[in-house]
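Structure file query23.txt (compact mmCIF, C-alpha atoms) is printed below.
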# COMPACT_ATOMS: atom_id res chain seq x y z
CA MET A 1 24.93 17.56 38.42
CA ASP A 2 27.94 15.25 38.55
CA LEU A 3 26.45 11.75 38.50
CA ASP A 4 29.73 10.20 39.67
CA ALA A 5 29.39 12.32 42.81
CA VAL A 6 25.76 11.24 43.17
CA ARG A 7 26.82 7.61 42.76
CA THR A 8 29.44 8.12 45.46
CA PHE A 9 26.88 9.69 47.79
CA VAL A 10 24.57 6.66 47.39
CA ALA A 11 27.45 4.24 47.92
CA ILE A 12 28.40 5.94 51.23
CA ALA A 13 24.78 6.02 52.38
CA ASP A 14 24.48 2.30 51.71
CA ALA A 15 27.89 1.28 53.12
CA GLY A 16 27.98 3.70 56.08
CA ARG A 17 31.70 4.42 55.63
CA PHE A 18 33.74 6.50 53.17
CA GLN A 19 36.40 3.77 52.97
CA ASP A 20 33.88 1.03 52.15
CA ALA A 21 32.37 3.21 49.43
CA ALA A 22 35.86 3.83 48.01
CA THR A 23 36.49 0.09 47.87
CA GLU A 24 33.17 -0.55 46.15
CA LEU A 25 33.79 2.17 43.56
CA SER A 26 37.48 1.23 43.08
CA ILE A 27 38.70 4.74 43.86
CA THR A 28 40.69 6.22 46.75
CA GLN A 29 39.11 7.52 49.94
CA GLN A 30 40.52 10.94 49.08
CA ALA A 31 38.62 10.86 45.77
CA VAL A 32 35.43 9.94 47.65
CA SER A 33 35.88 12.90 50.00
CA LYS A 34 36.50 15.30 47.09
CA ARG A 35 33.37 14.11 45.27
CA ILE A 36 31.17 14.57 48.33
CA ALA A 37 32.64 18.01 49.05
CA ALA A 38 31.90 19.05 45.47
CA LEU A 39 28.36 17.66 45.66
CA GLU A 40 27.71 19.49 48.94
CA ARG A 41 28.85 22.74 47.30
CA THR A 42 26.46 22.08 44.41
CA VAL A 43 23.40 21.40 46.58
CA GLY A 44 24.37 23.96 49.25
CA VAL A 45 23.94 21.70 52.29
CA ARG A 46 25.89 19.11 54.29
CA LEU A 47 24.94 15.60 53.27
CA PHE A 48 26.86 13.51 55.84
CA ALA A 49 27.71 13.76 59.53
CA ARG A 50 30.81 11.96 60.78
CA THR A 51 30.16 9.45 63.59
CA PRO A 52 32.34 6.98 65.49
CA ARG A 53 30.91 4.26 63.22
CA GLY A 54 31.61 6.12 59.98
CA ALA A 55 29.20 8.47 58.25
CA GLU A 56 25.46 8.95 58.44
CA PRO A 57 23.29 11.07 56.13
CA THR A 58 22.15 14.35 57.67
CA VAL A 59 18.49 15.37 57.58
CA ASP A 60 19.18 16.96 54.20
CA GLY A 61 21.12 13.89 53.10
CA ARG A 62 18.17 11.63 53.93
CA ALA A 63 15.87 13.95 51.97
CA PHE A 64 18.26 13.89 49.02
CA LEU A 65 18.83 10.10 48.99
CA PRO A 66 15.65 8.92 47.16
CA HIS A 67 16.19 11.57 44.49
CA ALA A 68 19.82 10.52 44.13
CA ARG A 69 18.73 6.92 43.56
CA GLU A 70 16.23 8.07 40.93
CA LEU A 71 18.95 10.07 39.16
CA LEU A 72 21.04 6.92 38.86
CA ARG A 73 18.04 4.92 37.63
CA ALA A 74 17.39 7.61 35.02
CA GLU A 75 21.02 7.39 33.94
CA ALA A 76 20.70 3.62 33.51
CA ARG A 77 17.50 4.02 31.50
CA ALA A 78 19.12 6.66 29.30
CA PHE A 79 22.04 4.38 28.43
CA ALA A 80 19.76 1.39 27.88
CA SER A 81 17.61 3.39 25.45
CA VAL A 82 20.50 3.65 22.99
CA ARG A 83 22.24 0.33 23.51
CA ALA A 84 21.07 -2.32 21.05
CA GLY A 85 19.96 -5.38 22.95
CA HIS A 86 19.14 -3.35 26.05
CA ARG A 87 16.39 -1.11 24.72
CA ALA A 88 13.02 -2.10 23.36
CA LEU A 89 12.71 -2.98 19.68
CA ARG A 90 10.79 -0.05 18.12
CA VAL A 91 8.49 -1.19 15.31
CA ASP A 92 6.10 0.91 13.25
CA VAL A 93 2.78 -0.51 12.08
CA ILE A 94 0.16 1.08 9.85
CA GLY A 95 -2.57 0.64 12.50
CA ARG A 96 -2.98 -1.17 15.80
CA GLY A 97 -5.96 -3.20 14.59
CA LEU A 98 -4.40 -4.25 11.29
CA ALA A 99 -2.40 -7.30 10.26
CA PRO A 100 1.14 -6.13 11.18
CA ALA A 101 0.03 -5.35 14.75
CA VAL A 102 -1.62 -8.78 14.96
CA LEU A 103 1.62 -10.38 13.80
CA LEU A 104 3.62 -8.42 16.38
CA ARG A 105 1.27 -9.60 19.14
CA ASP A 106 1.91 -13.18 18.01
CA PHE A 107 5.66 -12.47 18.05
CA HIS A 108 5.40 -11.06 21.58
CA ARG A 109 3.55 -14.18 22.76
CA ALA A 110 6.23 -16.38 21.20
CA ARG A 111 9.14 -14.28 22.55
CA PRO A 112 7.84 -12.50 25.69
CA GLU A 113 11.39 -11.75 26.85
CA ILE A 114 11.83 -9.29 23.96
CA GLU A 115 10.54 -5.84 24.86
CA LEU A 116 8.57 -4.15 22.08
CA ASP A 117 7.73 -0.51 21.54
CA VAL A 118 4.98 -0.32 18.89
CA VAL A 119 4.34 2.99 17.14
CA THR A 120 2.06 4.08 14.31
CA LEU A 121 3.48 6.53 11.80
CA PHE A 122 1.37 8.10 9.06
CA ASP A 123 2.69 6.54 5.87
CA ALA A 124 5.61 4.74 4.24
CA ASP A 125 7.56 7.96 3.65
CA ALA A 126 7.34 8.88 7.34
CA ALA A 127 8.36 5.34 8.26
CA MET A 128 11.36 5.43 5.91
CA GLU A 129 12.53 8.74 7.37
CA ALA A 130 12.17 7.40 10.93
CA ILE A 131 14.18 4.29 10.06
CA ARG A 132 16.98 6.33 8.51
CA SER A 133 17.11 8.67 11.53
CA GLY A 134 17.05 5.77 14.00
CA THR A 135 13.72 6.76 15.54
CA VAL A 136 12.38 3.27 14.82
CA ASP A 137 14.13 -0.02 14.11
CA ALA A 138 11.70 -1.46 11.57
CA SER A 139 8.37 -0.88 9.89
CA PHE A 140 5.73 -3.03 8.21
CA ARG A 141 4.67 -1.25 5.03
CA ALA A 142 3.64 -1.71 1.45
CA VAL A 143 6.56 -0.07 -0.32
CA THR A 144 5.73 1.74 -3.57
CA MET A 145 8.88 2.92 -5.28
CA THR A 146 7.50 3.45 -8.77
CA GLY A 147 9.66 6.08 -10.44
CA ARG A 148 11.94 6.33 -7.40
CA ARG A 149 15.06 4.49 -6.27
CA LEU A 150 15.16 2.81 -2.90
CA PRO A 151 17.82 4.44 -0.66
CA ASP A 152 21.00 2.34 -0.48
CA ASP A 153 20.86 2.16 3.32
CA ILE A 154 17.31 0.79 3.42
CA GLU A 155 16.52 -2.92 3.17
CA VAL A 156 13.03 -4.06 2.20
CA SER A 157 11.99 -7.70 2.35
CA ARG A 158 8.53 -9.02 1.57
CA ALA A 159 7.10 -10.21 4.88
CA PHE A 160 3.64 -11.55 4.09
CA ASP A 161 0.71 -11.14 1.74
CA GLU A 162 -2.69 -10.47 3.26
CA PRO A 163 -5.80 -11.48 1.28
CA VAL A 164 -8.47 -8.82 0.89
CA GLN A 165 -12.08 -9.55 1.90
CA LEU A 166 -15.39 -7.91 1.06
CA LEU A 167 -17.38 -6.70 4.07
CA THR A 168 -21.14 -6.28 3.58
CA GLY A 169 -24.32 -5.89 5.56
CA PRO A 170 -27.02 -8.62 5.48
CA ALA A 171 -29.17 -6.83 2.89
CA HIS A 172 -26.39 -6.35 0.34
CA ALA A 173 -26.80 -8.12 -3.01
CA LEU A 174 -23.57 -10.11 -2.47
CA ALA A 175 -24.14 -10.94 1.19
CA GLY A 176 -25.21 -14.53 0.50
CA LEU A 177 -22.08 -15.55 -1.42
CA ARG A 178 -19.41 -17.76 0.18
CA THR A 179 -16.73 -16.19 -2.04
CA VAL A 180 -16.75 -13.41 -4.60
CA THR A 181 -14.56 -12.70 -7.62
CA PRO A 182 -13.21 -9.27 -8.54
CA ALA A 183 -15.38 -9.44 -11.66
CA GLU A 184 -18.49 -9.82 -9.48
CA LEU A 185 -17.59 -6.62 -7.63
CA VAL A 186 -17.84 -4.53 -10.80
CA GLY A 187 -20.74 -2.09 -10.57
CA HIS A 188 -21.00 -2.32 -6.78
CA ARG A 189 -20.07 0.69 -4.63
CA ILE A 190 -17.11 0.04 -2.36
CA TRP A 191 -16.79 2.76 0.26
CA MET A 192 -13.42 3.32 1.95
CA PRO A 193 -13.36 6.80 3.55
CA GLY A 194 -10.02 6.14 5.25
CA ILE A 195 -8.09 6.27 1.98
CA VAL A 196 -5.71 9.26 1.97
CA PRO A 197 -4.29 10.33 -1.42
CA GLY A 198 -0.55 9.89 -1.72
CA THR A 199 -0.30 7.05 0.82
CA GLU A 200 0.76 3.49 0.07
CA TRP A 201 -2.71 2.13 0.80
CA ALA A 202 -4.21 4.66 -1.61
CA ALA A 203 -1.74 3.46 -4.26
CA TYR A 204 -2.78 -0.14 -3.60
CA TYR A 205 -6.53 0.44 -3.90
CA ASP A 206 -6.09 2.74 -6.92
CA ALA A 207 -4.21 -0.08 -8.65
CA LEU A 208 -6.84 -2.62 -7.59
CA ALA A 209 -9.68 -0.47 -8.93
CA ALA A 210 -7.87 0.13 -12.21
CA ALA A 211 -6.99 -3.54 -12.71
CA PHE A 212 -10.55 -4.85 -12.29
CA GLY A 213 -12.73 -1.85 -13.14
CA LEU A 214 -13.99 -1.43 -9.55
CA THR A 215 -15.72 1.59 -8.06
CA ILE A 216 -13.87 2.45 -4.84
CA GLU A 217 -15.08 5.68 -3.24
CA SER A 218 -13.22 7.60 -0.54
CA SER A 219 -15.56 10.59 -0.40
CA GLY A 220 -17.06 11.80 2.85
CA PRO A 221 -15.50 12.33 6.27
CA ASP A 222 -13.64 9.48 7.96
CA PHE A 223 -15.19 9.13 11.42
CA GLY A 224 -13.39 5.87 12.15
CA VAL A 225 -14.14 2.16 12.01
CA GLU A 226 -17.34 1.99 14.07
CA PRO A 227 -19.34 4.54 12.00
CA LEU A 228 -18.12 2.81 8.83
CA LEU A 229 -19.39 -0.55 10.10
CA ASP A 230 -22.70 1.04 11.14
CA THR A 231 -23.19 2.44 7.63
CA VAL A 232 -22.25 -0.79 5.84
CA ALA A 233 -24.46 -2.87 8.13
CA GLY A 234 -27.56 -0.87 7.21
CA SER A 235 -26.86 -0.43 3.50
CA ARG A 236 -28.17 -2.45 0.55
CA SER A 237 -25.62 -0.89 -1.86
CA LEU A 238 -22.46 0.00 0.08
CA ALA A 239 -19.72 -2.47 0.97
CA THR A 240 -16.09 -2.05 1.97
CA LEU A 241 -12.82 -3.97 1.71
CA VAL A 242 -10.78 -5.17 4.70
CA GLY A 243 -7.69 -7.26 5.22
CA GLU A 244 -8.21 -10.88 6.21
CA GLN A 245 -6.43 -10.34 9.54
CA THR A 246 -7.95 -6.97 10.37
CA ARG A 247 -9.52 -7.25 13.82
CA LEU A 248 -13.11 -5.98 13.76
CA VAL A 249 -15.81 -6.12 16.44
CA TRP A 250 -19.41 -5.11 15.81
CA PRO A 251 -22.78 -5.48 17.54
CA ALA A 252 -24.51 -8.81 16.91
CA GLY A 253 -27.43 -7.02 15.28
CA HIS A 254 -25.20 -5.76 12.47
CA ASP A 255 -24.89 -9.31 11.04
CA LEU A 256 -21.96 -8.24 8.86
CA ARG A 257 -20.47 -10.71 6.37
CA ARG A 258 -16.75 -11.12 5.61
CA ILE A 259 -16.53 -12.65 2.15
CA PRO A 260 -13.19 -13.86 0.71
CA VAL A 261 -12.29 -12.53 -2.73
CA ARG A 262 -11.05 -15.26 -5.08
CA ASN A 263 -10.00 -15.89 -8.69
CA PRO A 264 -7.73 -14.00 -8.40
CA THR A 265 -7.19 -13.18 -4.74
CA PRO A 266 -6.08 -9.56 -4.24
CA VAL A 267 -3.39 -9.55 -1.55
CA TYR A 268 -1.92 -6.57 0.27
CA PRO A 269 1.90 -6.83 0.15
CA HIS A 270 3.34 -6.15 3.60
CA SER A 271 7.12 -5.73 3.69
CA LEU A 272 9.55 -5.43 6.58
CA VAL A 273 11.59 -2.25 6.18
CA ARG A 274 14.78 -1.67 8.16
CA HIS A 275 18.15 0.08 8.03
CA ARG A 276 20.95 -2.12 6.70
CA ASP A 277 23.26 -1.11 9.56
CA ASN A 278 20.76 -1.72 12.37
CA ARG A 279 22.24 -4.42 14.62
CA HIS A 280 19.49 -4.70 17.23
CA PRO A 281 19.54 -8.44 18.05
CA ALA A 282 15.75 -8.62 18.34
CA LEU A 283 15.47 -7.75 14.64
CA ALA A 284 16.94 -11.14 13.77
CA ALA A 285 14.43 -12.82 16.08
CA LEU A 286 11.59 -10.95 14.39
CA ARG A 287 12.78 -11.99 10.94
CA ASP A 288 13.05 -15.61 12.08
CA HIS A 289 9.50 -15.41 13.41
CA LEU A 290 8.29 -14.04 10.08
CA GLY A 291 9.95 -16.94 8.32
CA SER A 292 8.26 -19.55 10.49
CA ALA A 293 4.90 -18.02 11.36
CA ARG A 294 3.93 -15.58 8.62
CA PRO A 295 0.66 -16.18 6.75
CA GLY A 296 2.71 -16.67 3.59
CA LEU A 297 3.50 -15.22 0.21
CA PHE A 298 0.87 -15.92 -2.42
CA GLY A 299 1.95 -16.97 -5.88
CA ALA A 300 -0.38 -18.29 -8.56
CA GLY A 301 -3.96 -17.21 -8.07
CA ALA A 302 -3.04 -13.97 -6.33
CA TRP A 303 -3.02 -10.38 -7.54
CA THR A 304 -0.72 -7.58 -6.37
CA PRO A 305 0.10 -4.24 -8.02
CA ALA A 306 2.99 -4.21 -10.47
CA TRP A 307 5.06 -2.14 -8.02
CA ALA A 308 4.88 -4.90 -5.40
Starting from the file, give its structure as structure tokens.
Amino acid sequence: MDLDAVRTFVAIADAGRFQDAATELSITQQAVSKRIAALERTVGVRLFARTPRGAEPTVDGRAFLPHARELLRAEARAFASVRAGHRALRVDVIGRGLAPAVLLRDFHRARPEIELDVVTLFDADAAMEAIRSGTVDASFRAVTMTGRRLPDDIEVSRAFDEPVQLLTGPAHALAGLRTVTPAELVGHRIWMPGIVPGTEWAAYYDALAAAFGLTIESSGPDFGVEPLLDTVAGSRSLATLVGEQTRLVWPAGHDLRRIPVRNPTPVYPHSLVRHRDNRHPALAALRDHLGSARPGLFGAGAWTPAWA
């Protein structure tokens, strides 16, 4: 359907006269008449009746009018979706309850005028592909490029480091400690069923286990966060690791303990990944927010994998 003709139809319906619609659209009255004649041939009915006062929509014209307005709104939305500065900033996060999503919520509170579209892709490779294809504008990921070269059109900048905490139930042997060292975790079973081989988080925890001689198990089905918390809460031997900013809610009876890991502090290296040619203006605002509000980059006293 010719949207210029639809736009002309709406202009006449609003103005009540072909000449007034021509003036509004900056075209001739003859062009207005041709557009309406073509539109009437397309829909197969008369849309206007001539009156002494100008033109009024027919019964069919009145039925068509709300749909015509929606067609023009859809056109506007379609253009806005691909115009930087007019469409929402699309950002990928690893999970909606994890640190990058928390940071984006803080960014939204600080800059509510910026529209955000938050998505969750599977892993860093999927995020990189989406950024290169333009499906998303940016992603928060731990980027592991060991043995591979970063594509020339991709920019990666370290955004923030998130300390890792031990999560235990009240009966666990380490539950009474205020802090725990990686050395004190040796010999204790750390259960993380959400680890998927080949992902960036698997690479991180593999490196952590190898560096400190930890036992990190990913066996068993992953039924989600709540069953994991239920199991840890009732276990004397199982614990798990979580990010400091991971949002967790559990029943009061679980009495779970979040214990910081220190000396050294393992930190998960979140980076902002984007395409070098992406000019969405909200990206600059997000980077400024990261510079002023991010939890920080840990130096001495922190541990990250060599690839970070």
Can you list every residue of segment 36-152 of chain A that has an atom at most 12 Å from segment 182-198 of chain A, with its nearest atom pair and the distance in Å to one decimal, using only C-alpha atoms, ordered by chain then number, as JSON lines?
{"residue": "A:Gly95", "atom": "CA", "partner": "A:Gly194", "partner_atom": "CA", "distance": 11.8}
{"residue": "A:Phe122", "atom": "CA", "partner": "A:Val196", "partner_atom": "CA", "distance": 10.1}
{"residue": "A:Asp123", "atom": "CA", "partner": "A:Gly198", "partner_atom": "CA", "distance": 8.9}
{"residue": "A:Ala124", "atom": "CA", "partner": "A:Gly198", "partner_atom": "CA", "distance": 10.0}
{"residue": "A:Asp125", "atom": "CA", "partner": "A:Gly198", "partner_atom": "CA", "distance": 9.9}
{"residue": "A:Thr144", "atom": "CA", "partner": "A:Gly198", "partner_atom": "CA", "distance": 10.5}
Using only C-alpha atoms, which residues sit within 9 Å of segment 230-242 of chain A once same-chain residues fewer than 4 positions away are excluded, as a ChimeraX atom specification?
/A:163-173,188-192,216,225-226,246,250,253-258
Within 12 Å of file point (5.6, -3.7, 1.8), counting only C-alpha atoms, expressed as a PyMOL selection string:
chain A and resi 93-94+100+123-125+127-128+138-145+155-162+200-201+203-204+267-274+297+304-305+307-308
Mind giving me the straight-line distance from atom CA of Arg132 of chain A to atom CA of Asn278 of chain A in Å, one decimal?
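Computing it gives 9.7 Å between the two atoms.
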Atomic distance atom CA of Arg46 of chain A - atom CA of Arg77 of chain A, expressed in Å with one decimal:
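Between atom CA of Arg46 of chain A and atom CA of Arg77 of chain A the gap works out to 28.6 Å.
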Could you get me a file of segment 133-144 of chain A with all heavy atoms, as a tab-separated table (two decimals), in the first residue's frame, taken from the block above?
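selection_2.tsv, freshly written:
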chain	number	residue	atom	x	y	z
A	133	SER	N	26.49	-7.86	13.56
A	133	SER	CA	25.35	-7.81	12.63
A	133	SER	C	24.44	-6.63	12.90
A	133	SER	O	23.54	-6.34	12.11
A	133	SER	CB	24.54	-9.11	12.74
A	133	SER	OG	23.90	-9.20	14.01
A	134	GLY	N	24.66	-5.93	14.04
A	134	GLY	CA	23.82	-4.79	14.38
A	134	GLY	C	22.57	-5.16	15.15
A	134	GLY	O	21.72	-4.31	15.41
A	135	THR	N	22.44	-6.42	15.56
A	135	THR	CA	21.27	-6.84	16.33
A	135	THR	C	21.25	-6.20	17.70
A	135	THR	O	20.19	-5.87	18.23
A	135	THR	CB	21.25	-8.38	16.48
A	135	THR	OG1	21.33	-8.96	15.19
A	135	THR	CG2	19.98	-8.84	17.17
A	136	VAL	N	22.43	-6.01	18.30
A	136	VAL	CA	22.54	-5.30	19.56
A	136	VAL	C	23.61	-4.23	19.42
A	136	VAL	O	24.49	-4.32	18.55
A	136	VAL	CB	22.86	-6.24	20.75
A	136	VAL	CG1	21.80	-7.30	20.93
A	136	VAL	CG2	24.24	-6.86	20.58
A	137	ASP	N	23.55	-3.23	20.29
A	137	ASP	CA	24.52	-2.14	20.26
A	137	ASP	C	25.74	-2.44	21.13
A	137	ASP	O	26.85	-1.97	20.82
A	137	ASP	CB	23.88	-0.84	20.74
A	137	ASP	CG	22.77	-0.37	19.82
A	137	ASP	OD1	23.08	-0.08	18.65
A	137	ASP	OD2	21.61	-0.29	20.26
A	138	ALA	N	25.54	-3.15	22.23
A	138	ALA	CA	26.65	-3.40	23.16
A	138	ALA	C	26.33	-4.63	23.99
A	138	ALA	O	25.18	-5.08	24.07
A	138	ALA	CB	26.88	-2.19	24.06
A	139	SER	N	27.37	-5.15	24.62
A	139	SER	CA	27.20	-6.32	25.47
A	139	SER	C	28.18	-6.23	26.63
A	139	SER	O	29.29	-5.72	26.48
A	139	SER	CB	27.45	-7.60	24.67
A	139	SER	OG	27.39	-8.75	25.51
A	140	PHE	N	27.75	-6.71	27.79
A	140	PHE	CA	28.66	-6.85	28.93
A	140	PHE	C	29.07	-8.32	29.00
A	140	PHE	O	28.25	-9.20	29.25
A	140	PHE	CB	27.96	-6.45	30.23
A	140	PHE	CG	27.81	-4.96	30.39
A	140	PHE	CD1	26.61	-4.33	30.11
A	140	PHE	CD2	28.88	-4.19	30.82
A	140	PHE	CE1	26.47	-2.96	30.25
A	140	PHE	CE2	28.75	-2.81	30.96
A	140	PHE	CZ	27.55	-2.20	30.68
A	141	ARG	N	30.36	-8.58	28.80
A	141	ARG	CA	30.86	-9.94	28.77
A	141	ARG	C	32.27	-10.02	29.31
A	141	ARG	O	33.01	-9.03	29.31
A	141	ARG	CB	30.86	-10.47	27.33
A	141	ARG	CG	29.49	-10.65	26.73
A	141	ARG	CD	28.78	-11.86	27.31
A	141	ARG	NE	27.37	-11.91	26.94
A	141	ARG	CZ	26.60	-12.95	27.16
A	141	ARG	NH1	27.09	-14.03	27.75
A	141	ARG	NH2	25.33	-12.94	26.83
A	142	ALA	N	32.64	-11.21	29.76
A	142	ALA	CA	34.05	-11.51	30.00
A	142	ALA	C	34.58	-12.06	28.69
A	142	ALA	O	34.09	-13.08	28.20
A	142	ALA	CB	34.21	-12.53	31.13
A	143	VAL	N	35.54	-11.37	28.10
A	143	VAL	CA	35.99	-11.72	26.76
A	143	VAL	C	37.25	-12.57	26.85
A	143	VAL	O	38.28	-12.12	27.36
A	143	VAL	CB	36.26	-10.46	25.92
A	143	VAL	CG1	36.76	-10.84	24.53
A	143	VAL	CG2	34.98	-9.64	25.81
A	144	THR	N	37.17	-13.80	26.39
A	144	THR	CA	38.31	-14.73	26.41
A	144	THR	C	38.77	-14.92	24.97
A	144	THR	O	38.10	-15.59	24.20
A	144	THR	CB	37.90	-16.08	27.01
A	144	THR	OG1	36.93	-16.68	26.16
A	144	THR	CG2	37.31	-15.91	28.39
